[in-house]
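One file, input09.tsv, carrying TSV, C-alpha atoms:
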chain	number	residue	atom	x	y	z
Q	1096	MET	CA	-46.58	82.80	-23.72
Q	1097	GLU	CA	-44.25	80.52	-25.69
Q	1098	ILE	CA	-43.16	77.04	-24.58
Q	1099	TYR	CA	-40.23	75.17	-26.11
Q	1100	GLU	CA	-39.01	71.64	-25.46
Q	1101	ASN	CA	-35.35	70.53	-25.36
Q	1102	PHE	CA	-34.31	74.18	-25.69
Q	1103	ASN	CA	-30.66	75.26	-26.13
Q	1104	LEU	CA	-29.70	78.00	-23.65
Q	1105	ARG	CA	-26.48	79.10	-25.35
Q	1106	GLU	CA	-27.85	82.52	-26.27
Q	1107	TYR	CA	-29.42	82.92	-22.82
Q	1108	ASN	CA	-26.23	82.73	-20.73
Q	1109	THR	CA	-23.37	85.19	-21.08
Q	1110	PHE	CA	-20.71	82.45	-20.87
Q	1111	HIS	CA	-22.29	81.13	-24.11
Q	1112	ILE	CA	-22.24	77.56	-22.83
Q	1113	ASP	CA	-24.16	74.96	-24.82
Q	1114	ALA	CA	-26.69	73.54	-22.38
Q	1115	LYS	CA	-30.27	72.46	-22.86
Q	1116	CYS	CA	-33.32	72.55	-20.62
Q	1117	LYS	CA	-36.31	70.22	-20.73
Q	1118	TYR	CA	-38.78	73.09	-21.16
Q	1119	PHE	CA	-38.27	76.80	-21.80
Q	1120	VAL	CA	-41.20	79.08	-20.93
Q	1121	ARG	CA	-41.10	82.65	-22.24
Q	1122	CYS	CA	-43.84	84.76	-20.66
Q	1123	GLU	CA	-44.91	88.40	-20.92
Q	1124	LYS	CA	-48.08	88.38	-18.80
Q	1125	GLU	CA	-48.62	87.39	-15.18
Q	1126	GLU	CA	-51.96	85.81	-16.06
Q	1127	ASP	CA	-50.33	83.39	-18.52
Q	1128	LEU	CA	-47.67	82.51	-15.99
Q	1129	LEU	CA	-50.28	81.88	-13.30
Q	1130	GLU	CA	-52.24	79.64	-15.65
Q	1131	PHE	CA	-49.13	77.63	-16.50
Q	1132	VAL	CA	-47.93	77.03	-12.93
Q	1133	GLY	CA	-51.50	76.26	-11.89
Q	1134	SER	CA	-51.63	73.46	-14.43
Q	1135	TYR	CA	-48.54	71.63	-13.17
Q	1136	GLU	CA	-47.24	70.63	-9.75
Q	1137	LEU	CA	-43.80	72.18	-9.94
Q	1138	LYS	CA	-41.15	71.93	-7.26
Q	1139	PRO	CA	-38.45	74.61	-6.84
Q	1140	GLU	CA	-35.70	72.08	-7.61
Q	1141	GLU	CA	-37.35	71.46	-11.00
Q	1142	VAL	CA	-37.33	75.17	-11.87
Q	1143	LEU	CA	-34.80	77.77	-12.95
Q	1144	ILE	CA	-35.61	81.45	-13.45
Q	1145	LEU	CA	-33.47	83.07	-16.11
Q	1146	GLY	CA	-33.18	86.72	-17.07
Q	1147	GLY	CA	-30.12	88.14	-18.81
Q	1148	GLY	CA	-28.21	84.95	-17.98
Q	1149	SER	CA	-25.25	86.96	-16.68
Q	1150	ASN	CA	-25.02	85.09	-13.41
Q	1151	PHE	CA	-25.16	81.44	-14.47
Q	1152	LEU	CA	-22.59	78.81	-15.36
Q	1153	PHE	CA	-24.04	75.65	-16.85
Q	1154	THR	CA	-21.89	72.54	-16.40
Q	1155	GLU	CA	-24.62	70.22	-17.68
Q	1156	ASP	CA	-28.11	70.25	-19.14
Q	1157	PHE	CA	-30.97	71.28	-16.86
Q	1158	ASP	CA	-33.66	68.61	-16.60
Q	1159	GLY	CA	-36.46	70.95	-15.68
Q	1160	VAL	CA	-38.42	74.09	-16.56
Q	1161	VAL	CA	-36.66	77.38	-17.27
Q	1162	PHE	CA	-38.86	80.46	-16.88
Q	1163	TYR	CA	-37.88	83.53	-18.88
Q	1164	PRO	CA	-40.08	86.43	-17.67
Q	1165	MET	CA	-40.36	89.31	-20.13
Q	1166	MET	CA	-42.63	91.80	-18.33
Q	1167	GLN	CA	-41.89	95.29	-19.63
Q	1168	GLY	CA	-42.60	98.93	-18.85
Q	1169	TYR	CA	-42.06	101.71	-16.32
Q	1170	GLU	CA	-44.86	103.13	-14.19
Q	1171	ILE	CA	-44.59	105.95	-11.65
Q	1172	VAL	CA	-46.93	104.79	-8.92
Q	1173	GLU	CA	-46.25	107.52	-6.36
Q	1174	GLU	CA	-44.16	110.67	-6.10
Q	1175	ASN	CA	-43.52	113.75	-4.00
Q	1176	GLU	CA	-40.94	116.53	-3.94
Q	1177	HIS	CA	-38.30	114.17	-2.52
Q	1178	ASP	CA	-38.93	110.66	-3.85
Q	1179	VAL	CA	-40.52	108.76	-6.70
Q	1180	LEU	CA	-41.74	105.16	-6.72
Q	1181	VAL	CA	-41.22	103.45	-10.09
Q	1182	ARG	CA	-42.69	100.01	-10.91
Q	1183	VAL	CA	-40.57	98.25	-13.52
Q	1184	GLY	CA	-41.14	95.04	-15.47
Q	1185	SER	CA	-38.78	92.20	-14.62
Q	1186	GLY	CA	-37.83	91.71	-18.27
Q	1187	VAL	CA	-36.51	95.27	-18.66
Q	1188	VAL	CA	-32.76	95.37	-19.28
Q	1189	TRP	CA	-31.23	96.68	-16.06
Q	1190	ASP	CA	-28.95	99.26	-17.65
Q	1191	ASP	CA	-31.82	100.61	-19.73
Q	1192	PHE	CA	-33.64	101.33	-16.47
Q	1193	VAL	CA	-30.57	103.02	-14.96
Q	1194	ALA	CA	-30.27	105.20	-18.07
Q	1195	TRP	CA	-33.99	106.07	-17.83
Q	1196	ALA	CA	-33.67	107.01	-14.14
Q	1197	VAL	CA	-30.63	109.23	-14.74
Q	1198	GLU	CA	-32.29	110.90	-17.71
Q	1199	HIS	CA	-35.28	111.78	-15.51
Q	1200	GLY	CA	-33.10	113.06	-12.66
Q	1201	TYR	CA	-33.82	110.19	-10.26
Q	1202	GLY	CA	-30.92	109.07	-8.08
Q	1203	GLY	CA	-30.17	105.90	-6.16
Q	1204	ILE	CA	-28.97	103.46	-8.83
Q	1205	GLU	CA	-26.52	105.47	-10.95
Q	1206	ASN	CA	-23.46	103.63	-9.57
Q	1207	LEU	CA	-25.00	100.40	-10.86
Q	1208	SER	CA	-24.65	101.48	-14.48
Q	1209	LEU	CA	-23.66	98.90	-17.11
Q	1210	ILE	CA	-24.27	95.88	-14.87
Q	1211	PRO	CA	-25.60	93.19	-17.22
Q	1212	GLY	CA	-28.89	91.41	-16.69
Q	1213	HIS	CA	-32.59	92.15	-16.26
Q	1214	VAL	CA	-34.49	94.03	-13.57
Q	1215	GLY	CA	-35.99	90.78	-12.26
Q	1216	ALA	CA	-32.58	89.58	-11.09
Q	1217	THR	CA	-31.84	92.65	-8.97
Q	1218	PRO	CA	-33.79	91.60	-5.85
Q	1219	VAL	CA	-32.49	88.04	-6.13
Q	1220	GLN	CA	-28.83	88.94	-6.40
Q	1221	ASN	CA	-29.04	92.32	-4.67
Q	1222	ILE	CA	-26.64	93.53	-7.33
Q	1223	GLY	CA	-24.10	96.09	-6.24
Q	1224	ALA	CA	-21.08	98.07	-7.40
Q	1225	TYR	CA	-19.01	101.07	-6.38
Q	1226	GLY	CA	-20.51	101.42	-2.93
Q	1227	MET	CA	-24.17	101.06	-3.92
Q	1228	GLU	CA	-26.62	98.13	-3.79
Q	1229	ALA	CA	-29.96	97.69	-5.53
Q	1230	GLY	CA	-31.62	96.55	-2.29
Q	1231	GLU	CA	-31.21	100.03	-0.86
Q	1232	SER	CA	-33.63	101.38	-3.48
Q	1233	ILE	CA	-36.07	98.46	-3.75
Q	1234	ALA	CA	-39.44	99.15	-2.13
Q	1235	THR	CA	-41.44	96.07	-3.14
Q	1236	VAL	CA	-41.07	92.91	-5.23
Q	1237	GLU	CA	-43.99	91.29	-7.06
Q	1238	ALA	CA	-43.81	87.66	-8.12
Q	1239	VAL	CA	-45.70	84.51	-8.96
Q	1240	ASP	CA	-45.38	81.71	-6.41
Q	1241	ILE	CA	-44.90	78.57	-8.51
Q	1242	VAL	CA	-45.89	76.25	-5.65
Q	1243	LYS	CA	-49.15	77.96	-4.69
Q	1244	ALA	CA	-49.82	79.34	-8.18
Q	1245	GLU	CA	-50.67	82.81	-6.88
Q	1246	LYS	CA	-49.43	86.37	-7.04
Q	1247	VAL	CA	-47.37	87.55	-4.08
Q	1248	LYS	CA	-45.84	90.85	-3.06
Q	1249	PHE	CA	-42.99	91.47	-0.63
Q	1250	ASP	CA	-41.60	94.62	0.93
Q	1251	ALA	CA	-37.85	95.17	1.20
Q	1252	ALA	CA	-37.59	93.91	4.77
Q	1253	GLU	CA	-39.09	90.54	3.79
Q	1254	CYS	CA	-36.47	90.16	1.07
Q	1255	ARG	CA	-33.65	90.09	3.66
Q	1256	PHE	CA	-31.14	91.88	1.49
Q	1257	GLY	CA	-27.47	91.32	2.30
Q	1258	TYR	CA	-24.20	91.56	0.44
Q	1259	ARG	CA	-25.02	89.97	-2.96
Q	1260	ASP	CA	-27.72	88.09	-1.09
Q	1261	SER	CA	-31.45	87.84	-0.45
Q	1262	ILE	CA	-34.06	85.38	0.77
Q	1263	PHE	CA	-34.62	84.45	-2.90
Q	1264	LYS	CA	-31.26	82.67	-2.83
Q	1265	HIS	CA	-32.15	80.62	0.25
Q	1266	GLU	CA	-35.61	79.60	1.55
Q	1267	TRP	CA	-37.33	80.98	-1.54
Q	1268	LYS	CA	-34.79	79.82	-4.12
Q	1269	ASN	CA	-36.49	79.20	-7.48
Q	1270	ARG	CA	-39.91	79.36	-5.84
Q	1271	HIS	CA	-40.88	82.81	-7.11
Q	1272	VAL	CA	-40.80	84.20	-10.63
Q	1273	VAL	CA	-40.27	87.93	-10.18
Q	1274	THR	CA	-42.64	89.91	-12.39
Q	1275	TYR	CA	-42.30	93.54	-11.26
Q	1276	VAL	CA	-39.98	95.48	-8.95
Q	1277	THR	CA	-40.83	98.87	-7.48
Q	1278	PHE	CA	-37.90	101.16	-6.73
Q	1279	ARG	CA	-37.85	104.20	-4.46
Q	1280	LEU	CA	-35.60	106.73	-6.19
Q	1281	THR	CA	-34.73	110.22	-5.02
Q	1282	ARG	CA	-34.97	113.64	-6.61
Q	1283	GLN	CA	-32.20	114.79	-4.25
Q	1284	PRO	CA	-29.36	112.32	-4.90
Q	1285	VAL	CA	-26.53	111.78	-2.45
Q	1286	PHE	CA	-23.51	110.93	-4.57
Q	1287	ARG	CA	-21.24	108.06	-3.57
Q	1288	LEU	CA	-17.84	108.65	-5.08
Q	1289	GLN	CA	-15.52	107.11	-2.50
Q	1290	TYR	CA	-15.13	103.70	-4.11
Q	1291	GLY	CA	-12.11	103.00	-6.33
Q	1292	SER	CA	-11.37	105.64	-8.98
Q	1293	VAL	CA	-14.94	106.96	-9.21
Q	1294	ARG	CA	-14.23	110.34	-7.61
Q	1295	ASP	CA	-11.22	111.04	-9.84
Q	1296	GLU	CA	-13.12	110.01	-12.95
Q	1297	VAL	CA	-16.13	112.19	-12.08
Q	1298	THR	CA	-13.97	115.16	-11.08
Q	1299	ARG	CA	-12.29	115.14	-14.47
Q	1300	ALA	CA	-15.72	115.54	-16.04
Q	1301	GLY	CA	-16.37	118.75	-14.06
Q	1302	GLU	CA	-19.69	119.19	-12.25
Q	1303	VAL	CA	-20.92	116.22	-10.21
Q	1304	THR	CA	-24.28	115.18	-11.67
Q	1305	LEU	CA	-26.17	111.93	-12.10
Q	1306	LYS	CA	-25.17	111.90	-15.75
Q	1307	ALA	CA	-21.50	112.54	-14.92
Q	1308	VAL	CA	-21.48	109.71	-12.36
Q	1309	ARG	CA	-23.15	107.29	-14.77
Q	1310	GLU	CA	-20.73	108.16	-17.57
Q	1311	ALA	CA	-17.75	107.79	-15.20
Q	1312	ILE	CA	-18.93	104.36	-14.05
Q	1313	ILE	CA	-19.39	103.26	-17.66
Q	1314	ARG	CA	-15.87	104.41	-18.60
Q	1315	ILE	CA	-14.37	102.58	-15.63
Q	1316	ARG	CA	-16.26	99.36	-16.34
Q	1317	GLU	CA	-15.55	99.41	-20.07
Q	1318	ALA	CA	-11.85	99.96	-19.42
Q	1319	LYS	CA	-11.43	96.83	-17.34
Q	1320	LEU	CA	-14.37	94.53	-18.06
Q	1321	PRO	CA	-14.69	92.57	-21.31
Q	1322	ASP	CA	-17.77	92.83	-23.50
Q	1323	VAL	CA	-19.75	89.60	-23.11
Q	1324	ASN	CA	-20.53	89.66	-26.83
Q	1325	VAL	CA	-16.82	89.66	-27.66
Q	1326	LEU	CA	-15.38	87.58	-24.82
Q	1327	PRO	CA	-18.10	85.57	-23.04
Q	1328	ASN	CA	-18.09	86.01	-19.25
Q	1329	ALA	CA	-20.39	86.52	-16.28
Q	1330	GLY	CA	-18.85	89.68	-14.85
Q	1331	SER	CA	-17.48	89.27	-11.33
Q	1332	PHE	CA	-17.29	85.54	-10.73
Q	1333	PHE	CA	-16.54	85.73	-7.00
Q	1334	LYS	CA	-17.90	87.79	-4.13
Q	1335	ASN	CA	-15.55	90.09	-2.26
Q	1336	PRO	CA	-15.00	88.14	0.98
Q	1337	VAL	CA	-16.09	89.71	4.27
Q	1338	VAL	CA	-13.75	88.80	7.15
Q	1339	GLU	CA	-13.25	89.79	10.78
Q	1340	ARG	CA	-11.20	92.95	11.26
Q	1341	LYS	CA	-8.58	91.06	13.29
Q	1342	ALA	CA	-8.00	88.64	10.43
Q	1343	ALA	CA	-7.76	91.51	7.96
Q	1344	ASP	CA	-5.25	93.32	10.18
Q	1345	ALA	CA	-3.08	90.21	10.24
Q	1346	LEU	CA	-3.25	89.93	6.45
Q	1347	LEU	CA	-2.52	93.63	6.07
Q	1348	ALA	CA	0.59	93.30	8.24
Q	1349	GLU	CA	1.88	90.62	5.88
Q	1350	ASN	CA	0.65	92.38	2.73
Q	1351	PRO	CA	1.04	96.18	3.03
Q	1352	GLY	CA	-1.16	97.97	0.54
Q	1353	MET	CA	-3.79	95.24	0.45
Q	1354	PRO	CA	-7.11	96.97	-0.33
Q	1355	ILE	CA	-9.76	96.68	2.39
Q	1356	TYR	CA	-13.18	98.28	2.76
Q	1357	PRO	CA	-14.90	98.78	6.14
Q	1358	VAL	CA	-18.21	96.97	6.62
Q	1359	ASP	CA	-18.88	97.57	10.32
Q	1360	ASP	CA	-16.91	97.79	13.57
Q	1361	GLU	CA	-15.93	94.12	13.46
Q	1362	HIS	CA	-15.77	93.26	9.76
Q	1363	VAL	CA	-14.09	94.45	6.58
Q	1364	LYS	CA	-14.41	93.49	2.94
Q	1365	LEU	CA	-11.40	92.27	0.97
Q	1366	ALA	CA	-10.94	92.68	-2.78
Q	1367	ALA	CA	-11.33	89.25	-4.35
Q	1368	GLY	CA	-9.74	90.45	-7.59
Q	1369	TRP	CA	-6.60	91.53	-5.71
Q	1370	LEU	CA	-6.40	88.20	-3.87
Q	1371	ILE	CA	-6.69	86.31	-7.16
Q	1372	GLU	CA	-4.10	88.51	-8.87
Q	1373	MET	CA	-1.64	88.12	-5.97
Q	1374	SER	CA	-2.17	84.36	-6.19
Q	1375	GLY	CA	-0.77	84.47	-9.72
Q	1376	TRP	CA	-3.92	83.87	-11.75
Q	1377	LYS	CA	-4.40	87.14	-13.64
Q	1378	GLY	CA	-4.24	86.41	-17.36
Q	1379	LYS	CA	-3.75	82.68	-16.74
Q	1380	GLY	CA	-6.11	79.86	-17.57
Q	1381	ILE	CA	-6.94	76.20	-17.97
Q	1382	GLY	CA	-7.82	75.03	-21.45
Q	1383	ASN	CA	-10.23	77.51	-23.03
Q	1384	ALA	CA	-11.18	79.06	-19.68
Q	1385	ALA	CA	-9.11	81.94	-18.38
Q	1386	VAL	CA	-8.83	84.79	-15.91
Q	1387	HIS	CA	-9.15	88.12	-17.69
Q	1388	ASP	CA	-5.85	89.94	-18.12
Q	1389	ARG	CA	-7.26	93.31	-16.99
Q	1390	GLN	CA	-9.59	92.22	-14.17
Q	1391	ALA	CA	-8.76	89.10	-12.18
Q	1392	LEU	CA	-12.29	88.89	-10.79
Q	1393	VAL	CA	-13.62	87.99	-14.25
Q	1394	LEU	CA	-13.40	84.48	-15.72
Q	1395	VAL	CA	-13.78	84.27	-19.49
Q	1396	ASN	CA	-14.59	81.74	-22.17
Q	1397	LYS	CA	-11.85	82.19	-24.76
Q	1398	GLY	CA	-13.87	80.13	-27.20
Q	1399	GLY	CA	-15.34	76.67	-26.93
Q	1400	ALA	CA	-14.84	76.29	-23.19
Q	1401	SER	CA	-17.18	73.91	-21.43
Q	1402	GLY	CA	-18.91	74.80	-18.21
Q	1403	ILE	CA	-16.88	72.11	-16.48
Q	1404	GLU	CA	-13.62	73.76	-17.66
Q	1405	ILE	CA	-14.68	77.11	-16.22
Q	1406	ALA	CA	-15.85	75.50	-12.96
Q	1407	HIS	CA	-12.51	73.67	-12.70
Q	1408	LEU	CA	-10.63	76.95	-13.16
Q	1409	ALA	CA	-12.77	78.57	-10.46
Q	1410	ASN	CA	-12.04	75.75	-8.02
Q	1411	GLU	CA	-8.29	75.96	-8.65
Q	1412	ILE	CA	-8.40	79.71	-8.00
Q	1413	LYS	CA	-10.30	79.16	-4.74
Q	1414	LYS	CA	-7.69	76.66	-3.58
Q	1415	SER	CA	-4.79	78.96	-4.47
Q	1416	VAL	CA	-6.27	81.94	-2.64
Q	1417	PHE	CA	-7.02	79.83	0.43
Q	1418	LEU	CA	-3.50	78.39	0.57
Q	1419	LYS	CA	-1.90	81.83	0.21
Q	1420	PHE	CA	-4.23	83.98	2.32
Q	1421	GLY	CA	-6.42	81.61	4.34
Q	1422	VAL	CA	-9.51	83.18	2.76
Q	1423	TRP	CA	-12.17	81.08	1.04
Q	1424	LEU	CA	-13.79	82.73	-1.98
Q	1425	GLU	CA	-17.48	82.22	-2.67
Q	1426	PRO	CA	-18.82	82.37	-6.23
Q	1427	GLU	CA	-21.26	85.10	-7.11
Q	1428	VAL	CA	-22.28	83.03	-10.12
Q	1429	TYR	CA	-24.79	80.16	-9.88
Q	1430	VAL	CA	-23.15	76.91	-11.01
Q	1431	ILE	CA	-25.77	74.59	-12.49
Would you mind writing the file's structure down as structure tokens?
Amino acid sequence: MEIYENFNLREYNTFHIDAKCKYFVRCEKEEDLLEFVGSYELKPEEVLILGGGSNFLFTEDFDGVVFYPMMQGYEIVEENEHDVLVRVGSGVVWDDFVAWAVEHGYGGIENLSLIPGHVGATPVQNIGAYGMEAGESIATVEAVDIVKAEKVKFDAAECRFGYRDSIFKHEWKNRHVVTYVTFRLTRQPVFRLQYGSVRDEVTRAGEVTLKAVREAIIRIREAKLPDVNVLPNAGSFFKNPVVERKAADALLAENPGMPIYPVDDEHVKLAAGWLIEMSGWKGKGIGNAAVHDRQALVLVNKGGASGIEIAHLANEIKKSVFLKFGVWLEPEVYVI
């Protein structure tokens, strides 16, 4: 375990914002983490758990403790002819795990290829893309409770997974440092190709396989999403709003061709990127913060932008979309 004081988080957030924390705790072992939290009376509001930093926007310094869990490794804990349970360290890079699963012929997360971040963030954010969510494959989550200073383990039902949501973003926010996540993957994958241009991209490759789906997703994402190392960003800044079907029908009548995605009998999901683009923001910006010119859902730091600049841009976008469509966008990114 390594502990740093007055630590700059610039290289630990993908917006590359200069922000400092009071203490930065890098830990590889659960035992060290347990010893640390057992030595201090920490409150969740004094804690931030950071992984790949791809879902944070710092508008000021954080006057507390930042935990950076680095647990590594893959372990097959159970398997049969249909499924395999894989326990993965929270510090593993998410896309490395997806690549490993595809290479071994395990399905269930291939559509989540190239999403930035670490494995530990997946149960918190319930990351999702192209018709697939991580929560569908998560079996259990192991963590350290910073209040009780003890190991805990939750099954998927306890995590209350929803669209880009989980209990870790509400009652348990910043209370648990995720250490390991166990995924239930399948040896008999059911391919989901209906979202966006995935089917066309996979079809061009020939046979539908896990590898072909992963490669198609990577091509699609690379074509429209900027590399965080070249143009700092946090991926999709806003959630796709879920609205009542009646409201969507009214919007569709006024905006023929508006993309919608069924959720259930009473609700549909709208495309936040389309709403932002139709509100005139694609490629536009404020100061050094801008909306990406190929994907309106992505806000970028053109160089030297402050967190406040990016937050201001996000708020102006929210207002514009609400005034034009009557839909209020919610950020997917944590604003600190």
Extending 5 Å beyond the listed atoms of stretch 1133-1149 of chain Q on each side, what axis-aligned box results? I want centre and edge lengths in Å to one decimal, as lines of an AutoDock Vina configuration file.
center_x = -38.4
center_y = 79.4
center_z = -12.8
size_x = 36.4
size_y = 27.5
size_z = 22.0
*asked:* Which residues are close to Q:Glu1176, i.e. within 9 Å by only C-alpha atoms, leaving aside same-chain residues fewer than 6 positions away? Reply as number ranges by chain.
replied: Q: 1281-1283
*Could you name the residues that touch Q:Val1214 at 6 Å or less, counting all atoms listed in the file, but leaving out those on the same chain fewer than 2 positions away, as a list in words?*
Ser1185, Val1187, Trp1189, Ala1216 and Thr1217 of chain Q
*Spatial neighbours of Q:Phe1131, max dist 10 Å, all atoms listed in the file, sep filter under 4 positions, as an NGL selection string*: :Q and (1096 or 1120 or 1122 or 1125-1127 or 1135-1136 or 1241 or 1244)
*Between atom CA of Q:Gly1226 and atom CA of Q:Cys1254 - distance in Å to one decimal*: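 Computed distance, atom CA of Q:Cys1254 to atom CA of Q:Gly1226, equals 19.9 Å.
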Copy stretch 1301-1312 of chain Q out of the block into a file, keeping N, CA, C and O atoms, as a PDB file, in the first residue's frame.
ATOM      1  N   GLY Q1301     -18.297 -11.278 -42.028  1.00  0.00           N
ATOM      2  CA  GLY Q1301     -18.558 -12.676 -42.352  1.00  0.00           C
ATOM      3  C   GLY Q1301     -19.261 -13.405 -41.230  1.00  0.00           C
ATOM      4  O   GLY Q1301     -20.325 -12.987 -40.779  1.00  0.00           O
ATOM      5  N   GLU Q1302     -18.675 -14.476 -40.722  1.00  0.00           N
ATOM      6  CA  GLU Q1302     -19.281 -15.292 -39.672  1.00  0.00           C
ATOM      7  C   GLU Q1302     -19.431 -14.508 -38.375  1.00  0.00           C
ATOM      8  O   GLU Q1302     -18.553 -13.745 -37.981  1.00  0.00           O
ATOM      9  N   VAL Q1303     -20.586 -14.695 -37.713  1.00  0.00           N
ATOM     10  CA  VAL Q1303     -20.833 -14.022 -36.437  1.00  0.00           C
ATOM     11  C   VAL Q1303     -20.169 -14.829 -35.320  1.00  0.00           C
ATOM     12  O   VAL Q1303     -20.588 -15.939 -35.002  1.00  0.00           O
ATOM     13  N   THR Q1304     -19.137 -14.256 -34.737  1.00  0.00           N
ATOM     14  CA  THR Q1304     -18.417 -14.880 -33.628  1.00  0.00           C
ATOM     15  C   THR Q1304     -18.180 -13.827 -32.552  1.00  0.00           C
ATOM     16  O   THR Q1304     -18.365 -12.627 -32.783  1.00  0.00           O
ATOM     17  N   LEU Q1305     -17.760 -14.276 -31.382  1.00  0.00           N
ATOM     18  CA  LEU Q1305     -17.417 -13.324 -30.321  1.00  0.00           C
ATOM     19  C   LEU Q1305     -16.337 -12.359 -30.797  1.00  0.00           C
ATOM     20  O   LEU Q1305     -16.407 -11.148 -30.554  1.00  0.00           O
ATOM     21  N   LYS Q1306     -15.338 -12.893 -31.466  1.00  0.00           N
ATOM     22  CA  LYS Q1306     -14.242 -12.061 -31.955  1.00  0.00           C
ATOM     23  C   LYS Q1306     -14.738 -11.048 -32.974  1.00  0.00           C
ATOM     24  O   LYS Q1306     -14.345  -9.869 -32.938  1.00  0.00           O
ATOM     25  N   ALA Q1307     -15.633 -11.492 -33.872  1.00  0.00           N
ATOM     26  CA  ALA Q1307     -16.155 -10.584 -34.898  1.00  0.00           C
ATOM     27  C   ALA Q1307     -16.984  -9.466 -34.279  1.00  0.00           C
ATOM     28  O   ALA Q1307     -16.906  -8.309 -34.702  1.00  0.00           O
ATOM     29  N   VAL Q1308     -17.766  -9.806 -33.249  1.00  0.00           N
ATOM     30  CA  VAL Q1308     -18.580  -8.789 -32.574  1.00  0.00           C
ATOM     31  C   VAL Q1308     -17.673  -7.795 -31.861  1.00  0.00           C
ATOM     32  O   VAL Q1308     -17.863  -6.576 -31.962  1.00  0.00           O
ATOM     33  N   ARG Q1309     -16.689  -8.300 -31.131  1.00  0.00           N
ATOM     34  CA  ARG Q1309     -15.766  -7.404 -30.425  1.00  0.00           C
ATOM     35  C   ARG Q1309     -15.057  -6.462 -31.409  1.00  0.00           C
ATOM     36  O   ARG Q1309     -14.972  -5.253 -31.171  1.00  0.00           O
ATOM     37  N   GLU Q1310     -14.559  -7.007 -32.489  1.00  0.00           N
ATOM     38  CA  GLU Q1310     -13.839  -6.180 -33.462  1.00  0.00           C
ATOM     39  C   GLU Q1310     -14.759  -5.147 -34.100  1.00  0.00           C
ATOM     40  O   GLU Q1310     -14.347  -4.011 -34.368  1.00  0.00           O
ATOM     41  N   ALA Q1311     -16.031  -5.530 -34.330  1.00  0.00           N
ATOM     42  CA  ALA Q1311     -16.994  -4.584 -34.904  1.00  0.00           C
ATOM     43  C   ALA Q1311     -17.271  -3.441 -33.939  1.00  0.00           C
ATOM     44  O   ALA Q1311     -17.315  -2.264 -34.334  1.00  0.00           O
ATOM     45  N   ILE Q1312     -17.473  -3.783 -32.665  1.00  0.00           N
ATOM     46  CA  ILE Q1312     -17.724  -2.757 -31.649  1.00  0.00           C
ATOM     47  C   ILE Q1312     -16.534  -1.802 -31.565  1.00  0.00           C
ATOM     48  O   ILE Q1312     -16.700  -0.576 -31.483  1.00  0.00           O
TER      49      ILE Q1312
END
